[in-house]
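Printed here is model34.pdb (PDB, C-alpha atoms):
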```pdb
ATOM      1  CA  MET A   1      70.794 -20.114 140.681
ATOM      2  CA  THR A   2      70.881 -16.356 141.163
ATOM      3  CA  ALA A   3      67.970 -13.981 140.686
ATOM      4  CA  ASN A   4      69.631 -12.619 137.544
ATOM      5  CA  GLU A   5      69.764 -16.095 135.955
ATOM      6  CA  ARG A   6      66.133 -16.741 136.892
ATOM      7  CA  SER A   7      65.014 -13.447 135.362
ATOM      8  CA  THR A   8      66.996 -14.246 132.214
ATOM      9  CA  ASP A   9      65.300 -17.661 132.030
ATOM     10  CA  VAL A  10      61.901 -15.985 132.423
ATOM     11  CA  LEU A  11      62.771 -13.525 129.650
ATOM     12  CA  LEU A  12      63.859 -16.399 127.409
ATOM     13  CA  THR A  13      60.615 -18.268 128.184
ATOM     14  CA  PHE A  14      58.518 -15.217 127.307
ATOM     15  CA  SER A  15      60.444 -14.748 124.066
ATOM     16  CA  TYR A  16      59.829 -18.398 123.120
ATOM     17  CA  VAL A  17      56.129 -18.011 123.940
ATOM     18  CA  THR A  18      55.992 -14.886 121.787
ATOM     19  CA  LEU A  19      57.690 -16.687 118.908
ATOM     20  CA  ALA A  20      55.517 -19.804 119.142
ATOM     21  CA  LEU A  21      52.129 -18.243 119.891
ATOM     22  CA  PRO A  22      51.130 -17.476 116.269
ATOM     23  CA  TYR A  23      51.950 -21.020 115.163
ATOM     24  CA  MET A  24      50.068 -22.617 118.054
ATOM     25  CA  TYR A  25      47.106 -20.299 117.524
ATOM     26  CA  ARG A  26      46.931 -21.047 113.810
ATOM     27  CA  ALA A  27      47.117 -24.813 114.359
ATOM     28  CA  VAL A  28      44.362 -24.808 117.001
ATOM     29  CA  ASP A  29      42.269 -22.370 114.955
ATOM     30  CA  THR A  30      42.461 -24.660 111.938
ATOM     31  CA  GLY A  31      41.446 -27.636 114.096
ATOM     32  CA  LEU A  32      38.474 -25.759 115.539
ATOM     33  CA  ARG A  33      37.365 -24.617 112.075
ATOM     34  CA  SER A  34      37.425 -28.200 110.833
ATOM     35  CA  ILE A  35      34.653 -29.210 113.251
ATOM     36  CA  ASN A  36      31.276 -27.623 113.876
ATOM     37  CA  VAL A  37      31.797 -26.481 117.468
ATOM     38  CA  LYS A  38      28.420 -24.778 117.781
ATOM     39  CA  THR A  39      26.456 -27.867 116.742
ATOM     40  CA  LEU A  40      28.527 -30.190 118.928
ATOM     41  CA  THR A  41      28.130 -27.879 121.926
ATOM     42  CA  GLU A  42      24.386 -27.515 121.450
ATOM     43  CA  ALA A  43      23.952 -31.273 121.046
ATOM     44  CA  ALA A  44      25.935 -31.950 124.212
ATOM     45  CA  GLU A  45      23.931 -29.341 126.123
ATOM     46  CA  ILE A  46      20.649 -30.898 124.948
ATOM     47  CA  LEU A  47      21.902 -34.248 126.231
ATOM     48  CA  GLY A  48      22.613 -32.647 129.614
ATOM     49  CA  ALA A  49      26.383 -32.242 129.520
ATOM     50  CA  GLY A  50      28.040 -29.505 131.569
ATOM     51  CA  TRP A  51      30.750 -27.185 130.299
ATOM     52  CA  ALA A  52      33.603 -29.328 131.627
ATOM     53  CA  THR A  53      32.151 -32.414 129.936
ATOM     54  CA  ILE A  54      31.650 -30.527 126.695
ATOM     55  CA  LEU A  55      35.206 -29.244 126.737
ATOM     56  CA  PHE A  56      37.015 -32.438 127.759
ATOM     57  CA  ARG A  57      34.834 -35.127 126.141
ATOM     58  CA  VAL A  58      33.525 -33.383 123.019
ATOM     59  CA  ILE A  59      35.766 -30.516 121.882
ATOM     60  CA  LEU A  60      39.282 -31.559 122.952
ATOM     61  CA  PRO A  61      39.172 -35.066 121.427
ATOM     62  CA  ASN A  62      38.175 -33.506 118.102
ATOM     63  CA  VAL A  63      41.045 -31.002 118.101
ATOM     64  CA  ARG A  64      43.687 -33.302 119.606
ATOM     65  CA  VAL A  65      45.666 -33.549 116.354
ATOM     66  CA  ALA A  66      45.641 -29.763 115.974
ATOM     67  CA  ILE A  67      46.924 -29.291 119.519
ATOM     68  CA  LEU A  68      49.653 -31.877 118.969
ATOM     69  CA  SER A  69      50.627 -30.223 115.684
ATOM     70  CA  GLY A  70      50.876 -26.851 117.407
ATOM     71  CA  ALA A  71      52.968 -28.396 120.166
ATOM     72  CA  PHE A  72      55.273 -29.934 117.565
ATOM     73  CA  LEU A  73      55.655 -26.585 115.795
ATOM     74  CA  THR A  74      56.453 -24.961 119.133
ATOM     75  CA  PHE A  75      59.037 -27.643 119.887
ATOM     76  CA  ALA A  76      60.645 -27.180 116.460
ATOM     77  CA  ILE A  77      60.822 -23.417 116.924
ATOM     78  CA  VAL A  78      62.405 -23.704 120.358
ATOM     79  CA  ILE A  79      64.943 -26.284 119.168
ATOM     80  CA  GLY A  80      65.916 -24.233 116.136
ATOM     81  CA  GLU A  81      65.932 -20.807 117.783
ATOM     82  CA  PHE A  82      69.390 -19.325 118.076
ATOM     83  CA  THR A  83      69.161 -15.555 118.468
ATOM     84  CA  MET A  84      67.455 -15.051 121.828
ATOM     85  CA  ALA A  85      69.358 -17.815 123.618
ATOM     86  CA  SER A  86      72.625 -16.528 122.198
ATOM     87  CA  LEU A  87      71.902 -12.901 123.118
ATOM     88  CA  LEU A  88      70.846 -13.867 126.646
ATOM     89  CA  ASN A  89      73.827 -16.229 126.967
ATOM     90  CA  ARG A  90      71.660 -19.159 128.065
ATOM     91  CA  PRO A  91      72.342 -22.809 127.281
ATOM     92  CA  ALA A  92      70.160 -23.975 124.403
ATOM     93  CA  PHE A  93      70.487 -26.305 121.433
ATOM     94  CA  GLY A  94      71.157 -23.619 118.791
ATOM     95  CA  PRO A  95      74.062 -21.880 120.545
ATOM     96  CA  TYR A  96      75.476 -25.247 121.626
ATOM     97  CA  LEU A  97      75.396 -26.528 118.042
ATOM     98  CA  GLN A  98      77.138 -23.356 116.850
ATOM     99  CA  LEU A  99      79.794 -23.642 119.561
ATOM    100  CA  ILE A 100      80.472 -27.297 118.760
ATOM    101  CA  GLY A 101      80.554 -26.507 115.022
ATOM    102  CA  ALA A 102      83.196 -23.830 115.568
ATOM    103  CA  ASN A 103      85.518 -26.174 117.472
ATOM    104  CA  ARG A 104      84.998 -29.699 116.137
ATOM    105  CA  ALA A 105      84.540 -31.425 112.805
ATOM    106  CA  TYR A 106      82.134 -34.388 113.167
ATOM    107  CA  GLU A 107      80.046 -33.648 116.244
ATOM    108  CA  PRO A 108      77.803 -30.988 114.619
ATOM    109  CA  SER A 109      76.619 -33.409 111.958
ATOM    110  CA  ALA A 110      75.891 -36.021 114.616
ATOM    111  CA  LEU A 111      73.869 -33.469 116.595
ATOM    112  CA  ALA A 112      71.974 -32.460 113.455
ATOM    113  CA  ILE A 113      71.131 -36.115 112.750
ATOM    114  CA  ILE A 114      69.953 -36.538 116.352
ATOM    115  CA  ALA A 115      67.773 -33.445 115.944
ATOM    116  CA  PHE A 116      66.247 -34.943 112.780
ATOM    117  CA  VAL A 117      65.596 -38.236 114.566
ATOM    118  CA  VAL A 118      63.913 -36.408 117.442
ATOM    119  CA  THR A 119      61.815 -34.451 114.934
ATOM    120  CA  TRP A 120      60.722 -37.624 113.145
ATOM    121  CA  ALA A 121      59.971 -39.258 116.505
ATOM    122  CA  CYS A 122      57.735 -36.322 117.406
ATOM    123  CA  MET A 123      55.889 -36.672 114.110
ATOM    124  CA  GLY A 124      55.440 -40.374 114.824
ATOM    125  CA  LEU A 125      54.064 -39.563 118.269
ATOM    126  CA  ILE A 126      51.575 -37.172 116.685
ATOM    127  CA  GLN A 127      50.443 -40.012 114.427
ATOM    128  CA  ILE A 128      50.112 -42.414 117.368
ATOM    129  CA  PHE A 129      48.404 -40.070 119.829
ATOM    130  CA  GLY A 130      46.443 -38.230 117.161
ATOM    131  CA  ARG A 131      44.388 -41.272 116.315
ATOM    132  CA  GLY A 132      41.200 -41.556 118.204
ATOM    133  CA  LYS A 133      39.672 -44.641 119.663
ATOM    134  CA  THR A 134      38.268 -46.681 116.856
ATOM    135  CA  ILE A 135      34.660 -47.647 117.302
ATOM    136  CA  LYS A 136      33.749 -51.035 115.927
ATOM    137  CA  ALA A 137      30.489 -51.188 114.057
ATOM    138  CA  ALA A 138      27.907 -53.601 115.447
ATOM    139  CA  HIS A 139      26.694 -56.170 112.932
TER     140      HIS A 139
END
```
Would you kindly transcribe this structure into structure tokens?
Amino acid sequence: MTANERSTDVLLTFSYVTLALPYMYRAVDTGLRSINVKTLTEAAEILGAGWATILFRVILPNVRVAILSGAFLTFAIVIGEFTMASLLNRPAFGPYLQLIGANRAYEPSALAIIAFVVTWACMGLIQIFGRGKTIKAAH
């Protein structure tokens, strides 16, 4: 891989980050607003938890679904993005789908169905990994 191709890949990565950042921010912001971070942090500090423990054992488990949702939105944007990859002449799903659609009859619909299946699989993974550990009540 030449230096020009690497710099083009870096430019494409930065453009994807720029496109996806507002969606990821909004998803994580909504997740953080749904919990009372200040109260949880103060309670953990009173119990003697350090900042790493507070972050990884208190805050992140409560916003796991929001982070997964933001990651799914980012994935959907990158899969569906056509303009930057086409302008930079880099291999991506959007330009490939357009190229196949211009030359063949049935393959584009098969690729679109595969993309839908991958999207639904990602939503299923969010449902599976978004659930927390269930705590059984003691009787």
Point-to-point distance in Å for atom CA of A:Val65 and atom CA of A:Met84: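 We find that atom CA of A:Met84 and atom CA of A:Val65 lie 29.1 Å from each other.
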Point out the residue among A:Val58, A:Tyr16, A:Thr2, A:Leu97 with the least atom-to-atom distance to A:Ala110, counting all atoms listed in the file.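 Using all atoms listed in the file, the shortest distance to A:Ala110 belongs to A:Leu97.
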Test item: residues at most 12 Å from A:Pro108, all atoms listed in the file, excluding those fewer than 5 positions along its chain, as a list in words: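 Within the cut-off, the hits are Phe93, Gly94, Pro95, Tyr96, Leu97, Gln98, Leu99, Ile100, Gly101, Ala102, Asn103, Ile113, Ile114 and Ala115 of chain A.
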Ranking A:Leu68, A:Ala76, A:Ile128, A:Leu88 by minimum distance to A:Ala20 and counting only C-alpha atoms, which one comes first?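 For A:Ala20, the nearest of the candidates is A:Ala76.
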Distance criterion (all atoms listed in the file): nearest to A:Thr74 out of A:Ser86, A:Leu21, A:Ser15, A:Val10: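 Checking each of A:Ser86, A:Leu21, A:Ser15, A:Val10 against A:Thr74, counting all atoms listed in the file, the winner is A:Leu21.
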Take every atom of stretch 47-66 of chain A listed in the file, pad by 8 Å on each side, and give me the axis-aligned box centre and edge lengths in Å, one decimal, as lines of an AutoDock Vina configuration file.
```
center_x = 33.8
center_y = -31.2
center_z = 123.8
size_x = 39.8
size_y = 23.9
size_z = 31.7
```
For atom CA of A:Ile79 and atom CA of A:Arg6, quote the distance in Å rounded to one decimal.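 One can read the atom CA of A:Ile79 to atom CA of A:Arg6 distance as 20.2 Å.
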Out of A:Pro61, A:Gly130, A:Gly50, A:Gly80, which residue has the shortest atom-to-atom distance to A:Leu19 when counting only C-alpha atoms?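 Closest to A:Leu19, using only C-alpha atoms: A:Gly80.
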Exercise: A:Gly70 partners within 12 Å, only C-alpha atoms, chain neighbours under 5 positions left out, as a list in words: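 Neighbouring residues, sequence-local ones excluded: Ala20, Leu21, Pro22, Tyr23, Met24, Tyr25, Arg26, Ala27, Val28, Asp29, Thr30, Gly31, Val63, Arg64, Val65, Phe75, Ala76, Ile77, Cys122, Met123 and Ile126 of chain A.
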